Amino acid sequence: MVVIKNAEHLEDWRTELLVKTTSHRKSISVCTGTGCMALGSHKILEALRAEIEHHNLDAEVELRPTGCHGFCERGPLVLLRPGNILYQRVQPGDIAEIISKSVMSDEIIDRLLVTSEDGKEKYPTESDIPFYRHQQRLILKNNGLINPNSLEDYIQNGGYRAFGKALQMGAERVLDQIIRSGLRGRGGGGFPTGKKWEICRSTKERERYLICNADEGDPGAFMDRSVLEGNPHCVIEGMLIGALVIGAQVGFVYVRQEYPLAVERLNHALTQARNCGLLGKDIFTSGLNFDIQVHRGGGAFVCGEESALIASIEGRRGVPRKRPPYPAVSGLWGRPTNINNVETWANIPPIVDQGSDWYASIGTESSRGTKIFSLVGKVNNTGLVEVPMGMSLRSIVYDIGGGIRNHKKLKAVQTGGPSGGCLPEEKLDIPVDFDTLVREGAMMGSGGMIVMDEDTCMVDVARYFLRFLKSESCGNCTSCRDGLIVLHQLLTDITEGRGNQQTLQTIQNLAATIRATSLCALGRTSVNPVLSTLRYFYNEYLEHTQNKRCPAGVCKALIHYSIDPDLCNGCTLCVKHCPSKAIEGQKKQVHTIDSELCIKCNACRDVCKQHAVSVQ
């Protein structure tokens with residue numbers, strides 16, 4: 001491993017690496033993020049190695065395992081260069097054909113290409129695919145390019161150049177760049193990053209700390225995980241620049257226990273950085289001393305909150321404390337502590353490298369840059385997307401996400417994780433930025449985005465998220481600890497037919513109390529799913545409480561199965577598949593359902609080819 005002495009030495013090494021890379025005429029990148037690994041991408045790598053060796057192509061073809069490409073549901077993904085040909089859902093049996101045709105003969109294998117939903121259009125290159133074409137990838141752009149276990153790959157692609165520039169600029173000029181860029185924290189609160197750094201830097205204490213919050217406890221969110229798995233050095237470089245500005249000598253990365261691959265690759269990157277002189281004493285002979293430790297969390301959702309996270313690192317129970325003082329003034333062990341999440345730290349190198357004016361030109365007036373979202377739910381294309389702030393929900397759902405599955409009608413989009421709000425179809429044209437989402441009853445959060453279709457019951461959705469939030473409450477304040485339990489029970493009463501108008505009023509009053517009196521931001525935002533669904537889907541609540549009916553057919557206590565005599569042909573399929581023997585009828589005769597015996601399992605609807613079974 002080369003020990004880098006200074007910025008000039010780094011640039012010399014970068015030049016050497018670039019010259020060495022050009023010796024390979026072609027490269028094959030295989031996604032080895034958690035999603036593709038679960039789908040068998042490790043087998044794809046093994047098969048490719050064997051096939052390359054079989055054809056003696058080692059000198060011509062470079063095989064490169066990479067991080068998450070974003071298009072998770074289409075994995076395993078294989079990207080061929082030059083040409084940027086992207087193959088989806090690749091299996092070991094496809095490898096011999098890929099090598100013989102695409103690598104050795106430059107032929108494109110049509111059956112492995114991403115196609116349009118109607119199957120009429122094929123997209124040969126990554127940039128042709130609508131999922132990628134409508135994105136602007138600043139943070140994720142290297143995920144499909146570099147091997148996350150290779151420091152050399154990161155440096156070839158401009159890695160640590162921003163750190164070298166930061167040393168030449170000096171702490172004050174770098175801080176000015178971060179402030180002028182307009183970068184706001186990507187962890188959910190959206191606090192101006194430069195201002196937070198300035199507060200921490202200006203404290204009188206000489207001992208200061210940096211923390212990277214990689215807890216990411218939102219169900220379905222995997223933005224931070226994918227950055228750490230695919231490009232851990234960009235986070236290390238961001239923290240190095242932060243250490244220079246703030247004057248910290250020790251940093252921590254607080255990672256979820258459930259992220260073993262991210263931890264493995266991060267630890268490997270930290271070891272590489274230490275061995276080549278990018279961490280430790282007198283970095284680049286500049287007098288900067290800084291190192292990073294990894295701290296694994298125990299899986300508590302509340303430890304995503306800053307003060308609870310600090311308590312956890314200190315070895316105490318992870319519960320929030322009253323603020324002020326804020327961590328930037330008094331945080332870890334009572335010392336000034338700057339906390340940013342993974343995505344925020346990853347934004348720092350490109351800002352320093354390309355300038356604040358460049359960064360500020362992306363996004364909106366109050367929300368600069370790009371944002372990574374995990375797009376999931378009833379949408380055709382799920383995965384990680386990175387878009388400029390201000391893009392509309394409609395563009396994200398339809399242009400990138402490809403619209404709603406099975407040609408269903410969109411009902412709502414929930415943004416901001418379990419504490420976020422649900423926005424109806426009429427809000428699809430709002431710009432996605434920090435302030436607009438909050439104004440409309442949702443929030444940016446860390447970047448979860450769940451798409452729901454017409455078969456979704458919004459009362460049940462609010463109840464679902466409350467069930468998660470009440471179980472994750474730290475119990476440190478009464479309003480959150482007890483209030484969420486009561487609120488969840490009230491919503492359960494509604495879904496089971498026991499609710500009335502007074503129940504709705506009690507829910508609104510209790511939610512307002514929880515929001516006003518909870519100790520931390522997690523408690524205060526926990527009622528967003530309830531308040532946003534009441535705001536936009538109040539008629540659905542009325543159907544449940546007044547008419548004792550679930551329009552979406554989800555709440556079992558409020559639905560009734562029946563068979564349309566005009567459609568039933570007496571095929572007996574429903575009789576054979578009913579587990580409770582609730583369906584009667586002879587062959588070729590109209591069948592009926594006994595409501596007393598029906599357990600509402602939906603088996604009859606699933607098997608009925610005549611669509612004769614209906615839910616009311």
# chains A, B, ... in the order shown; residues from 1 in each chain; ligands from 1

call {"tool": "select_by_dssp", "arguments": {"residues": "stretch 24-156 of chain A", "states": "helix (DSSP H, G or I)", "output": "PyMOL selection string"}}
result
chain A and resi 34-38+41-54+72-74+92-103+110-112+126-128+130-133+151-156

call {"tool": "residues_around", "arguments": {"residues": "A:Ala412", "least_positions_apart": "6", "cutoff": "7 Å", "atoms": "only C-alpha atoms", "output": "number ranges by chain"}}
result
A: 422-425, 451-453

call {"tool": "write_last_selection", "arguments": {"atoms": "N, CA, C and O atoms", "output": "mmCIF file, in the first residue's frame"}}
result
data_model
loop_
_atom_site.group_PDB
_atom_site.id
_atom_site.type_symbol
_atom_site.label_atom_id
_atom_site.label_comp_id
_atom_site.auth_asym_id
_atom_site.auth_seq_id
_atom_site.Cartn_x
_atom_site.Cartn_y
_atom_site.Cartn_z
ATOM 1 N N CYS A 422 -48.903 11.049 4.680
ATOM 2 C CA CYS A 422 -49.433 10.446 3.458
ATOM 3 C C CYS A 422 -50.095 11.530 2.608
ATOM 4 O O CYS A 422 -51.044 12.189 3.063
ATOM 5 N N LEU A 423 -49.605 11.701 1.397
ATOM 6 C CA LEU A 423 -50.115 12.730 0.498
ATOM 7 C C LEU A 423 -50.962 12.091 -0.587
ATOM 8 O O LEU A 423 -50.565 11.085 -1.180
ATOM 9 N N PRO A 424 -52.131 12.664 -0.897
ATOM 10 C CA PRO A 424 -53.040 12.070 -1.880
ATOM 11 C C PRO A 424 -52.624 12.389 -3.309
ATOM 12 O O PRO A 424 -51.694 13.173 -3.555
ATOM 13 N N GLU A 425 -53.339 11.818 -4.262
ATOM 14 C CA GLU A 425 -53.008 11.984 -5.674
ATOM 15 C C GLU A 425 -52.999 13.446 -6.102
ATOM 16 O O GLU A 425 -52.172 13.854 -6.927
ATOM 17 N N VAL A 451 -45.270 4.117 -2.056
ATOM 18 C CA VAL A 451 -46.379 4.378 -2.970
ATOM 19 C C VAL A 451 -47.511 3.389 -2.677
ATOM 20 O O VAL A 451 -47.286 2.184 -2.561
ATOM 21 N N MET A 452 -48.732 3.919 -2.566
ATOM 22 C CA MET A 452 -49.895 3.095 -2.237
ATOM 23 C C MET A 452 -50.947 3.208 -3.332
ATOM 24 O O MET A 452 -51.153 4.286 -3.891
ATOM 25 N N ASP A 453 -51.623 2.095 -3.622
ATOM 26 C CA ASP A 453 -52.640 2.112 -4.673
ATOM 27 C C ASP A 453 -54.043 2.093 -4.081
ATOM 28 O O ASP A 453 -54.235 2.197 -2.862
#

call {"tool": "closest_residue", "arguments": {"among": "A:Ser127, A:Asn6, A:Ser367, A:Asn602", "to": "A:Val114", "atoms": "only C-alpha atoms"}}
result
A:Ser127

call {"tool": "select_by_dssp", "arguments": {"residues": "stretch 212-257 of chain A", "states": "strand (DSSP E or B)", "output": "number ranges by chain"}}
result
A: 212-214, 250-255

call {"tool": "write_last_selection", "arguments": {"atoms": "C-alpha atoms", "output": "short mmCIF file (atom, residue, chain, number, x, y, z; two decimals), in the first residue's frame"}}
result
data_model
loop_
_atom_site.label_atom_id
_atom_site.label_comp_id
_atom_site.auth_asym_id
_atom_site.auth_seq_id
_atom_site.Cartn_x
_atom_site.Cartn_y
_atom_site.Cartn_z
CA CYS A 212 -21.71 9.95 11.23
CA ASN A 213 -25.27 8.82 11.93
CA ALA A 214 -25.76 5.60 9.95
CA VAL A 250 -11.85 11.61 16.74
CA GLY A 251 -14.88 10.57 14.71
CA PHE A 252 -17.47 7.83 15.11
CA VAL A 253 -19.68 6.06 12.60
CA TYR A 254 -22.79 4.78 14.39
CA VAL A 255 -24.12 1.89 12.28
#

call {"tool": "residues_around", "arguments": {"residues": "A:Ile563", "least_positions_apart": "3", "cutoff": "10 Å", "atoms": "only C-alpha atoms", "output": "PyMOL selection string"}}
result
chain A and resi 566-568+583+590-593+604-605+611-615

call {"tool": "closest_residue", "arguments": {"among": "A:Ser479, A:Ser27, A:Thr503, A:Ser471", "to": "A:Met104", "atoms": "only C-alpha atoms"}}
result
A:Ser27

call {"tool": "closest_atom_pairs", "arguments": {"of": "stretch 289-392 of chain A", "to": "stretch 504-522 of chain A", "cutoff": "10 Å", "atoms": "only C-alpha atoms", "output": "CSV"}}
result
residue,atom,partner,partner_atom,distance
A:Phe301,CA,A:Leu522,CA,9.2
A:Val302,CA,A:Leu522,CA,7.2
A:Gly304,CA,A:Leu522,CA,8.9
A:Glu305,CA,A:Leu522,CA,7.2
A:Glu306,CA,A:Cys520,CA,9.7
A:Ser307,CA,A:Cys520,CA,9.1
A:Ala308,CA,A:Cys520,CA,9.6
A:Val319,CA,A:Cys520,CA,9.5
A:Pro320,CA,A:Cys520,CA,6.4
A:Arg321,CA,A:Leu519,CA,7.4
A:Lys322,CA,A:Leu519,CA,6.4
A:Arg323,CA,A:Cys520,CA,8.5

call {"tool": "residues_around", "arguments": {"residues": "stretch 286-293 of chain A", "least_positions_apart": "4", "cutoff": "9 Å", "atoms": "only C-alpha atoms", "output": "PyMOL selection string"}}
result
chain A and resi 6+167+210-211+236+239-240+243-244+247-254+267+270+274+278-282

call {"tool": "closest_residue", "arguments": {"among": "A:Gly383, A:Gly185, A:Gly238, A:Gly402", "to": "A:Ala221", "atoms": "only C-alpha atoms"}}
result
A:Gly383

call {"tool": "closest_residue", "arguments": {"among": "A:Gly164, A:Gly230, A:Gly242, A:Gly188", "to": "A:Pro65", "atoms": "only C-alpha atoms"}}
result
A:Gly230

call {"tool": "residues_around", "arguments": {"residues": "A:Arg481", "least_positions_apart": "5", "cutoff": "9 Å", "atoms": "only C-alpha atoms", "output": "list in words"}}
result
Lys470, Ser471, Ser473, Cys474, Gly475, Asn476 and Gly523 of chain A

call {"tool": "residues_around", "arguments": {"residues": "A:Gln136", "least_positions_apart": "3", "cutoff": "9 Å", "atoms": "only C-alpha atoms", "output": "PyMOL selection string"}}
result
chain A and resi 132-133+141+370+385-388

call {"tool": "closest_residue", "arguments": {"among": "A:Ile400, A:Phe284, A:Pro192, A:Lys408", "to": "A:Ile4", "atoms": "only C-alpha atoms"}}
result
A:Phe284

call {"tool": "residues_around", "arguments": {"residues": "A:Glu62", "least_positions_apart": "6", "cutoff": "10 Å", "atoms": "only C-alpha atoms", "output": "PDB file with all heavy atoms, in the first residue's frame"}}
result
ATOM      1  N   THR A  21      -5.106   1.401 -15.590  1.00  0.00           N
ATOM      2  CA  THR A  21      -6.470   0.975 -15.889  1.00  0.00           C
ATOM      3  C   THR A  21      -6.719   0.872 -17.384  1.00  0.00           C
ATOM      4  O   THR A  21      -7.476   0.012 -17.842  1.00  0.00           O
ATOM      5  CB  THR A  21      -7.479   1.968 -15.275  1.00  0.00           C
ATOM      6  OG1 THR A  21      -7.240   2.046 -13.875  1.00  0.00           O
ATOM      7  CG2 THR A  21      -8.906   1.503 -15.498  1.00  0.00           C
ATOM      8  N   SER A  23      -5.058  -0.316 -19.569  1.00  0.00           N
ATOM      9  CA  SER A  23      -4.558  -1.561 -20.163  1.00  0.00           C
ATOM     10  C   SER A  23      -5.685  -2.561 -20.380  1.00  0.00           C
ATOM     11  O   SER A  23      -5.562  -3.479 -21.194  1.00  0.00           O
ATOM     12  CB  SER A  23      -3.475  -2.180 -19.273  1.00  0.00           C
ATOM     13  OG  SER A  23      -3.997  -2.522 -18.000  1.00  0.00           O
ATOM     14  N   HIS A  24      -6.767  -2.423 -19.651  1.00  0.00           N
ATOM     15  CA  HIS A  24      -7.932  -3.283 -19.848  1.00  0.00           C
ATOM     16  C   HIS A  24      -8.857  -2.638 -20.882  1.00  0.00           C
ATOM     17  O   HIS A  24      -9.277  -1.491 -20.716  1.00  0.00           O
ATOM     18  CB  HIS A  24      -8.688  -3.484 -18.539  1.00  0.00           C
ATOM     19  CG  HIS A  24      -7.984  -4.388 -17.578  1.00  0.00           C
ATOM     20  ND1 HIS A  24      -7.138  -3.905 -16.608  1.00  0.00           N
ATOM     21  CD2 HIS A  24      -7.988  -5.741 -17.437  1.00  0.00           C
ATOM     22  CE1 HIS A  24      -6.660  -4.916 -15.898  1.00  0.00           C
ATOM     23  NE2 HIS A  24      -7.152  -6.037 -16.388  1.00  0.00           N
ATOM     24  N   ARG A  25      -9.151  -3.381 -21.922  1.00  0.00           N
ATOM     25  CA  ARG A  25      -9.999  -2.835 -22.982  1.00  0.00           C
ATOM     26  C   ARG A  25     -11.464  -2.798 -22.558  1.00  0.00           C
ATOM     27  O   ARG A  25     -12.217  -1.934 -22.966  1.00  0.00           O
ATOM     28  CB  ARG A  25      -9.828  -3.677 -24.251  1.00  0.00           C
ATOM     29  CG  ARG A  25     -10.462  -3.082 -25.493  1.00  0.00           C
ATOM     30  CD  ARG A  25      -9.957  -3.817 -26.734  1.00  0.00           C
ATOM     31  NE  ARG A  25     -10.290  -5.224 -26.696  1.00  0.00           N
ATOM     32  CZ  ARG A  25     -11.453  -5.727 -27.128  1.00  0.00           C
ATOM     33  NH1 ARG A  25     -12.376  -4.921 -27.623  1.00  0.00           N
ATOM     34  NH2 ARG A  25     -11.683  -7.006 -27.078  1.00  0.00           N
ATOM     35  N   LYS A  26     -11.873  -3.777 -21.730  1.00  0.00           N
ATOM     36  CA  LYS A  26     -13.274  -3.880 -21.330  1.00  0.00           C
ATOM     37  C   LYS A  26     -13.361  -4.155 -19.832  1.00  0.00           C
ATOM     38  O   LYS A  26     -12.425  -4.653 -19.216  1.00  0.00           O
ATOM     39  CB  LYS A  26     -13.985  -4.993 -22.108  1.00  0.00           C
ATOM     40  CG  LYS A  26     -14.087  -4.728 -23.603  1.00  0.00           C
ATOM     41  CD  LYS A  26     -14.854  -5.822 -24.309  1.00  0.00           C
ATOM     42  CE  LYS A  26     -14.980  -5.515 -25.803  1.00  0.00           C
ATOM     43  NZ  LYS A  26     -15.743  -6.552 -26.526  1.00  0.00           N
ATOM     44  N   SER A  27     -14.531  -3.823 -19.258  1.00  0.00           N
ATOM     45  CA  SER A  27     -14.765  -4.139 -17.846  1.00  0.00           C
ATOM     46  C   SER A  27     -16.188  -4.643 -17.672  1.00  0.00           C
ATOM     47  O   SER A  27     -17.089  -4.288 -18.432  1.00  0.00           O
ATOM     48  CB  SER A  27     -14.535  -2.913 -16.962  1.00  0.00           C
ATOM     49  OG  SER A  27     -15.552  -1.956 -17.161  1.00  0.00           O
ATOM     50  N   ILE A  28     -16.349  -5.487 -16.673  1.00  0.00           N
ATOM     51  CA  ILE A  28     -17.668  -6.021 -16.312  1.00  0.00           C
ATOM     52  C   ILE A  28     -17.895  -5.694 -14.843  1.00  0.00           C
ATOM     53  O   ILE A  28     -17.133  -6.123 -13.974  1.00  0.00           O
ATOM     54  CB  ILE A  28     -17.754  -7.541 -16.515  1.00  0.00           C
ATOM     55  CG1 ILE A  28     -17.394  -7.914 -17.956  1.00  0.00           C
ATOM     56  CG2 ILE A  28     -19.143  -8.043 -16.170  1.00  0.00           C
ATOM     57  CD1 ILE A  28     -17.342  -9.419 -18.204  1.00  0.00           C
ATOM     58  N   SER A  29     -18.938  -4.907 -14.553  1.00  0.00           N
ATOM     59  CA  SER A  29     -19.287  -4.554 -13.170  1.00  0.00           C
ATOM     60  C   SER A  29     -20.492  -5.372 -12.730  1.00  0.00           C
ATOM     61  O   SER A  29     -21.499  -5.445 -13.441  1.00  0.00           O
ATOM     62  CB  SER A  29     -19.616  -3.059 -13.062  1.00  0.00           C
ATOM     63  OG  SER A  29     -18.494  -2.272 -13.381  1.00  0.00           O
ATOM     64  N   ARG A  49     -15.702 -15.137 -13.345  1.00  0.00           N
ATOM     65  CA  ARG A  49     -14.269 -15.390 -13.167  1.00  0.00           C
ATOM     66  C   ARG A  49     -13.852 -16.662 -13.913  1.00  0.00           C
ATOM     67  O   ARG A  49     -12.819 -16.693 -14.605  1.00  0.00           O
ATOM     68  CB  ARG A  49     -13.941 -15.528 -11.679  1.00  0.00           C
ATOM     69  CG  ARG A  49     -13.968 -14.220 -10.907  1.00  0.00           C
ATOM     70  CD  ARG A  49     -13.325 -14.370  -9.531  1.00  0.00           C
ATOM     71  NE  ARG A  49     -13.487 -13.157  -8.752  1.00  0.00           N
ATOM     72  CZ  ARG A  49     -14.420 -12.992  -7.809  1.00  0.00           C
ATOM     73  NH1 ARG A  49     -15.261 -13.978  -7.518  1.00  0.00           N
ATOM     74  NH2 ARG A  49     -14.503 -11.852  -7.127  1.00  0.00           N
ATOM     75  N   ILE A  52     -14.045 -16.056 -17.787  1.00  0.00           N
ATOM     76  CA  ILE A  52     -12.952 -15.192 -18.244  1.00  0.00           C
ATOM     77  C   ILE A  52     -11.639 -15.974 -18.279  1.00  0.00           C
ATOM     78  O   ILE A  52     -10.856 -15.860 -19.226  1.00  0.00           O
ATOM     79  CB  ILE A  52     -12.838 -13.945 -17.327  1.00  0.00           C
ATOM     80  CG1 ILE A  52     -14.032 -13.011 -17.559  1.00  0.00           C
ATOM     81  CG2 ILE A  52     -11.525 -13.197 -17.568  1.00  0.00           C
ATOM     82  CD1 ILE A  52     -14.126 -11.877 -16.555  1.00  0.00           C
ATOM     83  N   ARG A  81     -18.753  -2.372 -19.951  1.00  0.00           N
ATOM     84  CA  ARG A  81     -18.135  -1.174 -20.519  1.00  0.00           C
ATOM     85  C   ARG A  81     -16.980  -1.584 -21.433  1.00  0.00           C
ATOM     86  O   ARG A  81     -16.323  -2.593 -21.169  1.00  0.00           O
ATOM     87  CB  ARG A  81     -17.610  -0.257 -19.397  1.00  0.00           C
ATOM     88  CG  ARG A  81     -18.692   0.318 -18.528  1.00  0.00           C
ATOM     89  CD  ARG A  81     -18.073   1.365 -17.591  1.00  0.00           C
ATOM     90  NE  ARG A  81     -19.083   1.939 -16.717  1.00  0.00           N
ATOM     91  CZ  ARG A  81     -19.428   1.429 -15.538  1.00  0.00           C
ATOM     92  NH1 ARG A  81     -18.825   0.351 -15.102  1.00  0.00           N
ATOM     93  NH2 ARG A  81     -20.357   2.005 -14.807  1.00  0.00           N
TER      94      ARG A  81
END
